[in-house]
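**Student:** My structure is in run.cif, and what it holds is mmCIF, C-alpha atoms:
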data_run
loop_
_atom_site.group_PDB
_atom_site.id
_atom_site.type_symbol
_atom_site.label_atom_id
_atom_site.label_comp_id
_atom_site.auth_asym_id
_atom_site.auth_seq_id
_atom_site.Cartn_x
_atom_site.Cartn_y
_atom_site.Cartn_z
ATOM 1 C CA MET Y 1232 -17.840 6.152 5.161
ATOM 2 C CA ALA Y 1233 -16.291 9.539 4.578
ATOM 3 C CA SER Y 1234 -18.717 12.109 3.247
ATOM 4 C CA SER Y 1235 -16.209 13.591 0.802
ATOM 5 C CA THR Y 1236 -12.953 12.741 -0.890
ATOM 6 C CA PRO Y 1237 -9.665 14.019 0.555
ATOM 7 C CA SER Y 1238 -8.474 17.480 -0.400
ATOM 8 C CA THR Y 1239 -6.056 17.656 -3.322
ATOM 9 C CA SER Y 1240 -4.813 21.167 -2.544
ATOM 10 C CA SER Y 1241 -1.151 21.998 -3.048
ATOM 11 C CA ALA Y 1242 -0.870 22.898 0.637
ATOM 12 C CA ALA Y 1243 -0.885 19.173 1.422
ATOM 13 C CA ALA Y 1244 1.664 18.281 -1.256
ATOM 14 C CA LYS Y 1245 4.684 17.637 0.975
ATOM 15 C CA PRO Y 1246 4.939 14.269 2.736
ATOM 16 C CA ALA Y 1247 4.555 14.423 6.502
ATOM 17 C CA LYS Y 1248 7.837 14.508 8.402
ATOM 18 C CA PRO Y 1249 8.504 11.566 10.730
ATOM 19 C CA ALA Y 1250 8.736 13.851 13.781
ATOM 20 C CA THR Y 1251 5.150 15.043 13.345
ATOM 21 C CA THR Y 1252 3.523 12.011 11.737
ATOM 22 C CA PRO Y 1253 0.818 10.412 13.924
ATOM 23 C CA TYR Y 1254 1.444 6.796 14.865
ATOM 24 C CA ARG Y 1255 -1.525 5.654 12.770
ATOM 25 C CA GLN Y 1256 -2.208 7.645 9.633
ATOM 26 C CA ILE Y 1257 -3.187 6.726 6.065
ATOM 27 C CA ARG Y 1258 -0.811 8.126 3.435
ATOM 28 C CA ALA Y 1259 -1.284 7.522 -0.274
ATOM 29 C CA VAL Y 1260 -1.124 8.800 -3.828
ATOM 30 C CA TYR Y 1261 -4.582 10.050 -4.766
ATOM 31 C CA ASP Y 1262 -6.506 12.596 -6.781
ATOM 32 C CA SER Y 1263 -10.098 13.798 -6.767
ATOM 33 C CA GLU Y 1264 -11.415 10.495 -8.124
ATOM 34 C CA THR Y 1265 -9.034 7.677 -7.193
ATOM 35 C CA ILE Y 1266 -6.545 6.363 -4.641
ATOM 36 C CA THR Y 1267 -3.582 4.175 -5.633
ATOM 37 C CA VAL Y 1268 -2.793 0.958 -3.771
ATOM 38 C CA TYR Y 1269 -0.159 -1.676 -4.525
ATOM 39 C CA GLN Y 1270 0.068 -5.436 -4.594
ATOM 40 C CA ALA Y 1271 2.651 -7.910 -5.863
ATOM 41 C CA TYR Y 1272 1.709 -10.733 -8.211
ATOM 42 C CA SER Y 1273 3.294 -13.396 -10.365
ATOM 43 C CA LYS Y 1274 4.307 -12.664 -13.964
ATOM 44 C CA THR Y 1275 1.301 -14.443 -15.484
ATOM 45 C CA ILE Y 1276 -1.268 -12.710 -13.275
ATOM 46 C CA ALA Y 1277 0.302 -9.258 -13.651
ATOM 47 C CA GLU Y 1278 0.796 -9.317 -17.424
ATOM 48 C CA ALA Y 1279 -2.768 -10.485 -18.081
ATOM 49 C CA ALA Y 1280 -4.170 -7.936 -15.622
ATOM 50 C CA VAL Y 1281 -2.401 -5.016 -17.315
ATOM 51 C CA ARG Y 1282 -3.253 -6.227 -20.803
ATOM 52 C CA GLU Y 1283 -6.973 -6.731 -20.078
ATOM 53 C CA GLN Y 1284 -7.251 -4.117 -17.301
ATOM 54 C CA ARG Y 1285 -8.869 -6.773 -15.136
ATOM 55 C CA LEU Y 1286 -7.157 -8.196 -12.075
ATOM 56 C CA ASP Y 1287 -8.739 -11.611 -12.651
ATOM 57 C CA ALA Y 1288 -7.807 -11.818 -16.365
ATOM 58 C CA SER Y 1289 -5.404 -14.714 -15.750
ATOM 59 C CA PRO Y 1290 -6.772 -18.155 -14.771
ATOM 60 C CA ASP Y 1291 -3.987 -18.182 -12.170
ATOM 61 C CA PHE Y 1292 -5.884 -15.509 -10.229
ATOM 62 C CA VAL Y 1293 -8.355 -17.507 -8.151
ATOM 63 C CA CYS Y 1294 -10.874 -15.472 -6.161
ATOM 64 C CA GLY Y 1295 -11.356 -16.326 -2.521
ATOM 65 C CA GLN Y 1296 -8.589 -18.914 -2.069
ATOM 66 C CA ARG Y 1297 -6.486 -16.558 0.031
ATOM 67 C CA MET Y 1298 -6.693 -13.024 1.322
ATOM 68 C CA THR Y 1299 -4.976 -10.429 -0.864
ATOM 69 C CA TRP Y 1300 -3.392 -7.505 0.992
ATOM 70 C CA ILE Y 1301 -3.366 -4.130 -0.735
ATOM 71 C CA LYS Y 1302 -1.111 -1.331 0.485
ATOM 72 C CA PRO Y 1303 -1.297 2.453 -0.044
ATOM 73 C CA SER Y 1304 2.368 2.740 1.008
ATOM 74 C CA TRP Y 1305 4.928 2.278 -1.759
ATOM 75 C CA CYS Y 1306 7.822 1.676 0.630
ATOM 76 C CA TRP Y 1307 5.892 -0.924 2.614
ATOM 77 C CA MET Y 1308 5.215 -2.691 -0.673
ATOM 78 C CA MET Y 1309 8.966 -2.639 -1.313
ATOM 79 C CA TYR Y 1310 9.590 -4.161 2.109
ATOM 80 C CA ARG Y 1311 6.989 -6.891 1.582
ATOM 81 C CA SER Y 1312 8.201 -7.830 -1.911
ATOM 82 C CA GLY Y 1313 11.938 -7.173 -1.561
ATOM 83 C CA TYR Y 1314 11.841 -4.685 -4.465
ATOM 84 C CA ALA Y 1315 9.899 -7.322 -6.503
ATOM 85 C CA LEU Y 1316 12.735 -9.836 -6.078
ATOM 86 C CA LYS Y 1317 11.569 -11.800 -3.041
ATOM 87 C CA ASP Y 1318 9.978 -14.811 -4.770
ATOM 88 C CA THR Y 1319 8.198 -15.910 -7.959
ATOM 89 C CA ARG Y 1320 4.786 -14.926 -6.605
ATOM 90 C CA GLN Y 1321 5.922 -11.307 -6.186
ATOM 91 C CA THR Y 1322 7.924 -10.534 -9.317
ATOM 92 C CA HIS Y 1323 5.567 -7.811 -10.565
ATOM 93 C CA ILE Y 1324 4.227 -4.829 -8.640
ATOM 94 C CA LEU Y 1325 0.860 -3.528 -9.792
ATOM 95 C CA ALA Y 1326 -0.464 -0.071 -8.994
ATOM 96 C CA LEU Y 1327 -4.243 -0.315 -8.714
ATOM 97 C CA LYS Y 1328 -6.274 2.867 -8.951
ATOM 98 C CA LEU Y 1329 -9.444 2.454 -6.900
ATOM 99 C CA THR Y 1330 -12.384 4.804 -6.702
ATOM 100 C CA HIS Y 1331 -12.584 6.524 -3.324
ATOM 101 C CA SER Y 1332 -15.958 4.897 -2.688
ATOM 102 C CA THR Y 1333 -14.466 1.437 -3.251
ATOM 103 C CA PHE Y 1334 -11.549 2.025 -0.896
ATOM 104 C CA LEU Y 1335 -13.696 3.615 1.803
ATOM 105 C CA SER Y 1336 -16.248 0.819 1.505
ATOM 106 C CA LEU Y 1337 -13.532 -1.742 2.205
ATOM 107 C CA LEU Y 1338 -12.405 0.198 5.275
ATOM 108 C CA SER Y 1339 -15.974 0.520 6.551
ATOM 109 C CA ARG Y 1340 -16.411 -3.272 6.427
ATOM 110 C CA ALA Y 1341 -13.044 -4.212 7.892
ATOM 111 C CA SER Y 1342 -12.126 -5.826 11.190
ATOM 112 C CA LEU Y 1343 -8.906 -4.605 12.772
ATOM 113 C CA SER Y 1344 -6.318 -7.335 13.310
ATOM 114 C CA HIS Y 1345 -4.387 -7.507 16.582
ATOM 115 C CA HIS Y 1346 -5.781 -4.227 17.926
ATOM 116 C CA SER Y 1347 -5.819 -5.294 21.570
ATOM 117 C CA GLY Y 1348 -3.281 -8.104 21.764
ATOM 118 C CA LEU Y 1349 -6.172 -10.549 22.212
ATOM 119 C CA PRO Y 1350 -7.179 -13.323 19.778
ATOM 120 C CA LEU Y 1351 -9.668 -12.337 17.106
ATOM 121 C CA THR Y 1352 -13.300 -13.114 17.852
ATOM 122 C CA ALA Y 1353 -15.187 -15.611 15.667
ATOM 123 C CA GLU Y 1354 -16.919 -12.688 13.941
ATOM 124 C CA GLU Y 1355 -13.593 -10.966 13.241
ATOM 125 C CA ARG Y 1356 -12.030 -14.183 11.911
ATOM 126 C CA ASN Y 1357 -14.944 -14.662 9.523
ATOM 127 C CA ASN Y 1358 -14.879 -11.077 8.281
ATOM 128 C CA PRO Y 1359 -13.669 -11.122 4.633
ATOM 129 C CA VAL Y 1360 -12.044 -7.686 5.016
ATOM 130 C CA ARG Y 1361 -9.230 -7.019 7.495
ATOM 131 C CA VAL Y 1362 -7.117 -3.990 8.318
ATOM 132 C CA GLN Y 1363 -3.657 -4.256 9.804
ATOM 133 C CA TRP Y 1364 -1.171 -1.615 10.971
ATOM 134 C CA ASP Y 1365 2.524 -2.432 10.543
ATOM 135 C CA PRO Y 1366 5.684 -0.352 11.046
ATOM 136 C CA GLU Y 1367 6.132 1.963 8.066
ATOM 137 C CA ARG Y 1368 9.320 1.598 6.043
ATOM 138 C CA GLY Y 1369 11.612 4.002 4.225
ATOM 139 C CA PRO Y 1370 13.203 3.545 0.767
ATOM 140 C CA ARG Y 1371 16.031 1.460 2.291
ATOM 141 C CA LEU Y 1372 13.350 -0.625 4.058
ATOM 142 C CA GLU Y 1373 14.400 0.915 7.368
ATOM 143 C CA LYS Y 1374 11.709 0.891 10.043
ATOM 144 C CA LEU Y 1375 10.142 4.288 10.726
ATOM 145 C CA GLY Y 1376 8.504 5.511 13.913
ATOM 146 C CA TYR Y 1377 4.908 5.286 12.742
ATOM 147 C CA SER Y 1378 2.576 2.773 11.109
ATOM 148 C CA SER Y 1379 1.412 1.871 7.627
ATOM 149 C CA LEU Y 1380 -2.007 0.543 6.652
ATOM 150 C CA GLN Y 1381 -2.702 -2.756 4.901
ATOM 151 C CA VAL Y 1382 -6.150 -3.856 3.782
ATOM 152 C CA GLY Y 1383 -6.797 -7.577 3.394
ATOM 153 C CA VAL Y 1384 -9.582 -8.620 1.034
ATOM 154 C CA GLY Y 1385 -10.806 -12.208 1.024
ATOM 155 C CA GLY Y 1386 -13.772 -14.506 0.597
ATOM 156 C CA SER Y 1387 -16.723 -13.350 -1.474
ATOM 157 C CA VAL Y 1388 -15.556 -9.734 -1.308
ATOM 158 C CA VAL Y 1389 -12.577 -10.461 -3.592
ATOM 159 C CA LYS Y 1390 -14.822 -11.240 -6.555
ATOM 160 C CA GLU Y 1391 -17.004 -8.219 -5.794
ATOM 161 C CA TRP Y 1392 -13.916 -5.994 -5.471
ATOM 162 C CA VAL Y 1393 -12.218 -7.299 -8.625
ATOM 163 C CA SER Y 1394 -15.204 -7.267 -10.978
ATOM 164 C CA GLY Y 1395 -17.379 -4.544 -9.473
ATOM 165 C CA GLY Y 1396 -15.845 -1.644 -11.392
ATOM 166 C CA GLY Y 1397 -14.008 -0.162 -8.424
ATOM 167 C CA ILE Y 1398 -10.579 -0.740 -9.983
ATOM 168 C CA VAL Y 1399 -10.369 1.862 -12.739
ATOM 169 C CA GLU Y 1400 -6.746 1.430 -13.848
ATOM 170 C CA ILE Y 1401 -3.990 -1.186 -13.480
ATOM 171 C CA GLU Y 1402 -0.353 -0.272 -14.116
ATOM 172 C CA ASP Y 1403 2.799 -2.384 -13.864
ATOM 173 C CA VAL Y 1404 5.319 -0.380 -11.819
ATOM 174 C CA THR Y 1405 7.879 -3.153 -11.360
ATOM 175 C CA TRP Y 1406 10.521 -1.034 -13.115
ATOM 176 C CA ARG Y 1407 10.266 1.540 -10.321
ATOM 177 C CA ALA Y 1408 10.708 -1.136 -7.648
ATOM 178 C CA ARG Y 1409 13.768 -2.629 -9.349
ATOM 179 C CA ARG Y 1410 15.392 0.768 -9.916
ATOM 180 C CA LEU Y 1411 14.839 1.733 -6.289
ATOM 181 C CA GLY Y 1412 16.429 -1.564 -5.266
ATOM 182 C CA GLU Y 1413 19.414 -0.773 -7.481
ATOM 183 C CA TRP Y 1414 19.689 2.690 -5.905
ATOM 184 C CA VAL Y 1415 19.783 1.131 -2.448
ATOM 185 C CA GLU Y 1416 22.310 -1.516 -3.496
ATOM 186 C CA LYS Y 1417 24.711 1.078 -4.920
ATOM 187 C CA ARG Y 1418 24.725 2.878 -1.587
ATOM 188 C CA ARG Y 1419 24.936 -0.210 0.576
ATOM 189 C CA GLY Y 1420 27.745 0.093 3.089
ATOM 190 C CA GLY Y 1421 27.780 3.859 2.874
ATOM 191 C CA GLU Y 1422 25.207 4.301 5.622
ATOM 192 C CA LYS Y 1423 24.754 3.005 9.130
ATOM 193 C CA LYS Y 1424 22.394 0.084 9.677
ATOM 194 C CA GLY Y 1425 18.815 1.326 9.947
ATOM 195 C CA GLU Y 1426 19.804 4.867 8.928
ATOM 196 C CA LYS Y 1427 16.804 6.803 7.633
ATOM 197 C CA VAL Y 1428 16.709 8.594 4.291
ATOM 198 C CA GLY Y 1429 16.993 12.361 4.838
ATOM 199 C CA GLU Y 1430 14.449 14.859 3.563
ATOM 200 C CA LYS Y 1431 16.660 16.108 0.690
ATOM 201 C CA GLU Y 1432 17.483 12.560 -0.385
ATOM 202 C CA TRP Y 1433 13.799 11.620 -0.199
ATOM 203 C CA GLU Y 1434 12.882 14.578 -2.394
ATOM 204 C CA LYS Y 1435 15.506 13.528 -4.941
ATOM 205 C CA LEU Y 1436 14.020 10.023 -5.074
ATOM 206 C CA ILE Y 1437 10.600 11.570 -5.710
ATOM 207 C CA GLU Y 1438 12.010 13.784 -8.482
ATOM 208 C CA GLU Y 1439 13.649 10.746 -10.097
ATOM 209 C CA GLY Y 1440 10.368 8.847 -10.027
ATOM 210 C CA LEU Y 1441 11.617 6.105 -7.695
ATOM 211 C CA VAL Y 1442 9.339 7.016 -4.791
ATOM 212 C CA PRO Y 1443 5.864 8.543 -5.232
ATOM 213 C CA ARG Y 1444 4.771 11.606 -3.296
ATOM 214 C CA GLU Y 1445 2.264 10.262 -0.790
ATOM 215 C CA ARG Y 1446 -0.030 12.622 1.099
ATOM 216 C CA VAL Y 1447 -2.232 12.276 4.145
ATOM 217 C CA TYR Y 1448 -5.521 10.619 3.244
ATOM 218 C CA GLU Y 1449 -8.194 11.853 5.625
ATOM 219 C CA VAL Y 1450 -11.178 9.698 6.589
ATOM 220 C CA SER Y 1451 -14.300 10.311 8.657
ATOM 221 C CA GLU Y 1452 -14.329 10.243 12.448
ATOM 222 C CA GLU Y 1453 -16.378 7.050 12.253
ATOM 223 C CA LEU Y 1454 -13.665 5.328 10.222
ATOM 224 C CA ARG Y 1455 -10.916 6.725 12.423
ATOM 225 C CA GLY Y 1456 -12.599 5.041 15.349
ATOM 226 C CA ARG Y 1457 -13.089 1.772 13.502
ATOM 227 C CA LEU Y 1458 -9.422 1.715 12.487
ATOM 228 C CA ARG Y 1459 -8.225 2.758 15.980
ATOM 229 C CA MET Y 1460 -6.390 5.774 14.544
ATOM 230 C CA ASP Y 1461 -6.697 7.881 17.710
#
So, in terms of structure tokens, how does the structure I just supplied come out?
**Tutor:**
Amino acid sequence: MASSTPSTSSAAAKPAKPATTPYRQIRAVYDSETITVYQAYSKTIAEAAVREQRLDASPDFVCGQRMTWIKPSWCWMMYRSGYALKDTRQTHILALKLTHSTFLSLLSRASLSHHSGLPLTAEERNNPVRVQWDPERGPRLEKLGYSSLQVGVGGSVVKEWVSGGGIVEIEDVTWRARRLGEWVEKRRGGEKKGEKVGEKEWEKLIEEGLVPRERVYEVSEELRGRLRMD
């Protein structure tokens, strides 16, 4: 586990440019106390969670039945949920503020999926926490040249994670997802397939509140090794 939380200095305020971004790097919205991750849920689960500030407030949220994958990357969440329009189980995007200790604890317990191209061992399959690296996405869902982190939480750890006090705030940010989808739709046809959003356009999306400003989230050398970040 990292010995300290990531720096929140203004020097790190600008998002890393694709040309210099390492292939595996954690990027997120965070402050001195919390890191924000995203997950998509159904209407009933999301509304109850925001109202009660408990992820398991709805009886529809059943701990341990399936692994839930949380994502620090906003754009990867958009890709996974189709701007919260993909299906009825993903109509609401929740921003979950976790304490740094909670997030780092999950990483320290995780097995890395598909890190060598070989099948997972029995121990890895039974691990209730998984980490997976997938191609990062831009606001148009275009594939970028580096990876994005997902953390899968399952089994007994879900209940511990949900009710253990590590989630300090739950916010419904579906409006941001839908508005970003509308922005993309209005410009559809005006760009080449797979064309990446330029730096000025990205900054404008941040200023308009459609894309958050994510910064590099540093972890200890021990975690870097566990997550195969080097």
**Student:** Residues picked by the PyMOL selection byres ((chain Y and resi 1277) around 8) here, as a list in words?
**Tutor:**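 Evaluating the PyMOL selection byres ((chain Y and resi 1277) around 8) on these coordinates yields Tyr1272, Ser1273, Lys1274, Thr1275, Ile1276, Glu1278, Ala1279, Ala1280, Val1281, Leu1286, His1323, Ile1324, Leu1325 and Asp1403 of chain Y.
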**Student:** So, counting all atoms listed in the file, which residue among Y:Arg1459, Y:Lys1390, Y:Lys1431, Y:Arg1368 is closest to Arg1311 in chain Y?
**Tutor:** Y:Arg1368
**Student:** Quick one: which residues end up in the PyMOL selection byres ((chain Y and resi 1329) around 6) for this structure, as a list in words?
**Tutor:**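 Output from the PyMOL selection byres ((chain Y and resi 1329) around 6), applied to this file: Thr1265, Ile1266, Lys1328, Thr1330, Gly1397, Ile1398 and Val1399 of chain Y.
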**Student:** My list of candidates is Y:Pro1253, Y:Gly1395, Y:Gly1429, Y:Gly1412. Which is closest to Gly1376 in chain Y when distances are computed with only C-alpha atoms?
**Tutor:**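 Of Y:Pro1253, Y:Gly1395, Y:Gly1429, Y:Gly1412, the one nearest Gly1376 in chain Y, counting only C-alpha atoms, is Y:Pro1253.
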**Student:** Show me as a CSV table (one decimal) with C-alpha atoms, in the coordinates of the input the residues that reach within 7 Å of (-0.3, 0.8, 4.4), counting only C-alpha atoms and using the file's own coordinates.
**Tutor:**
chain,number,residue,atom,x,y,z
Y,1257,ILE,CA,-3.2,6.7,6.1
Y,1302,LYS,CA,-1.1,-1.3,0.5
Y,1303,PRO,CA,-1.3,2.5,0.0
Y,1304,SER,CA,2.4,2.7,1.0
Y,1307,TRP,CA,5.9,-0.9,2.6
Y,1379,SER,CA,1.4,1.9,7.6
Y,1380,LEU,CA,-2.0,0.5,6.7
Y,1381,GLN,CA,-2.7,-2.8,4.9
**Student:** For the file shown, what are the residues hit by the PyMOL selection byres ((chain Y and resi 1341) around 6), laid out as a ChimeraX atom specification?
**Tutor:** /Y:1338-1340,1342,1360-1362
**Student:** Between CA of Val1268 in chain Y and CA of Thr1299 in chain Y, what is the spacing in Å?
**Tutor:**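 Between these atoms lies a distance of 12.0 Å.
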**Student:** Identify which of the residues Y:Phe1292, Y:Tyr1254, Y:Tyr1261, Y:Tyr1269 lies closest to Ile1401 in chain Y, counting only C-alpha atoms when measuring atom-to-atom distances.
**Tutor:** Y:Tyr1269
**Student:** I'd like the interatomic distance between CA of Ser1332 in chain Y and CA of Glu1445 in chain Y, to a tenth of an Å.
**Tutor:**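 Those two atoms sit 19.1 Å apart.
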**Student:** Enter the distance from CA of Leu1335 in chain Y to CA of Gln1321 in chain Y, in Å, rounded to one decimal.
**Tutor:**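 It comes out at 25.9 Å.
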**Student:** Counting all atoms listed in the file, which residues come within 12 Å of (-3.3, -16.3, -0.2), with the point read in the file's coordinates, and could you list them as an MDAnalysis selection string?
**Tutor:** chainID Y and resid 1271:1272 1292:1300 1320 1383:1386 1389
**Student:** Select, from Y:Gly1313, Y:Gly1396, Y:Pro1350, Y:Gly1456, the residue with the minimum atom-to-atom distance to Glu1416 in chain Y, counting all atoms listed in the file.
**Tutor:**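 Of the candidates, the smallest distance to Glu1416 in chain Y is held by Y:Gly1313.
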**Student:** Would you compute, for all listed atoms of range 1375-1383 of chain Y, the axis-aligned bounding box grown by 5 Å on each side, and then report its centre and edge lengths in Å rounded to one decimal, as AutoDock Vina command-line options?
**Tutor:**
--center_x 1.7 --center_y -1.0 --center_z 8.7 --size_x 26.9 --size_y 23.1 --size_z 20.5
**Student:** Please determine, counting all atoms listed in the file, which residue among Y:Thr1405, Y:Pro1290, Y:Leu1351, Y:Leu1411 has the shortest atom-to-atom distance to Trp1433 in chain Y.
**Tutor:** Y:Leu1411
**Student:** Measuring atom to atom with only C-alpha atoms, identify which of Y:Arg1407, Y:His1331, Y:Gly1440, Y:Glu1453 is nearest to Ser1263 in chain Y.
**Tutor:** Y:His1331
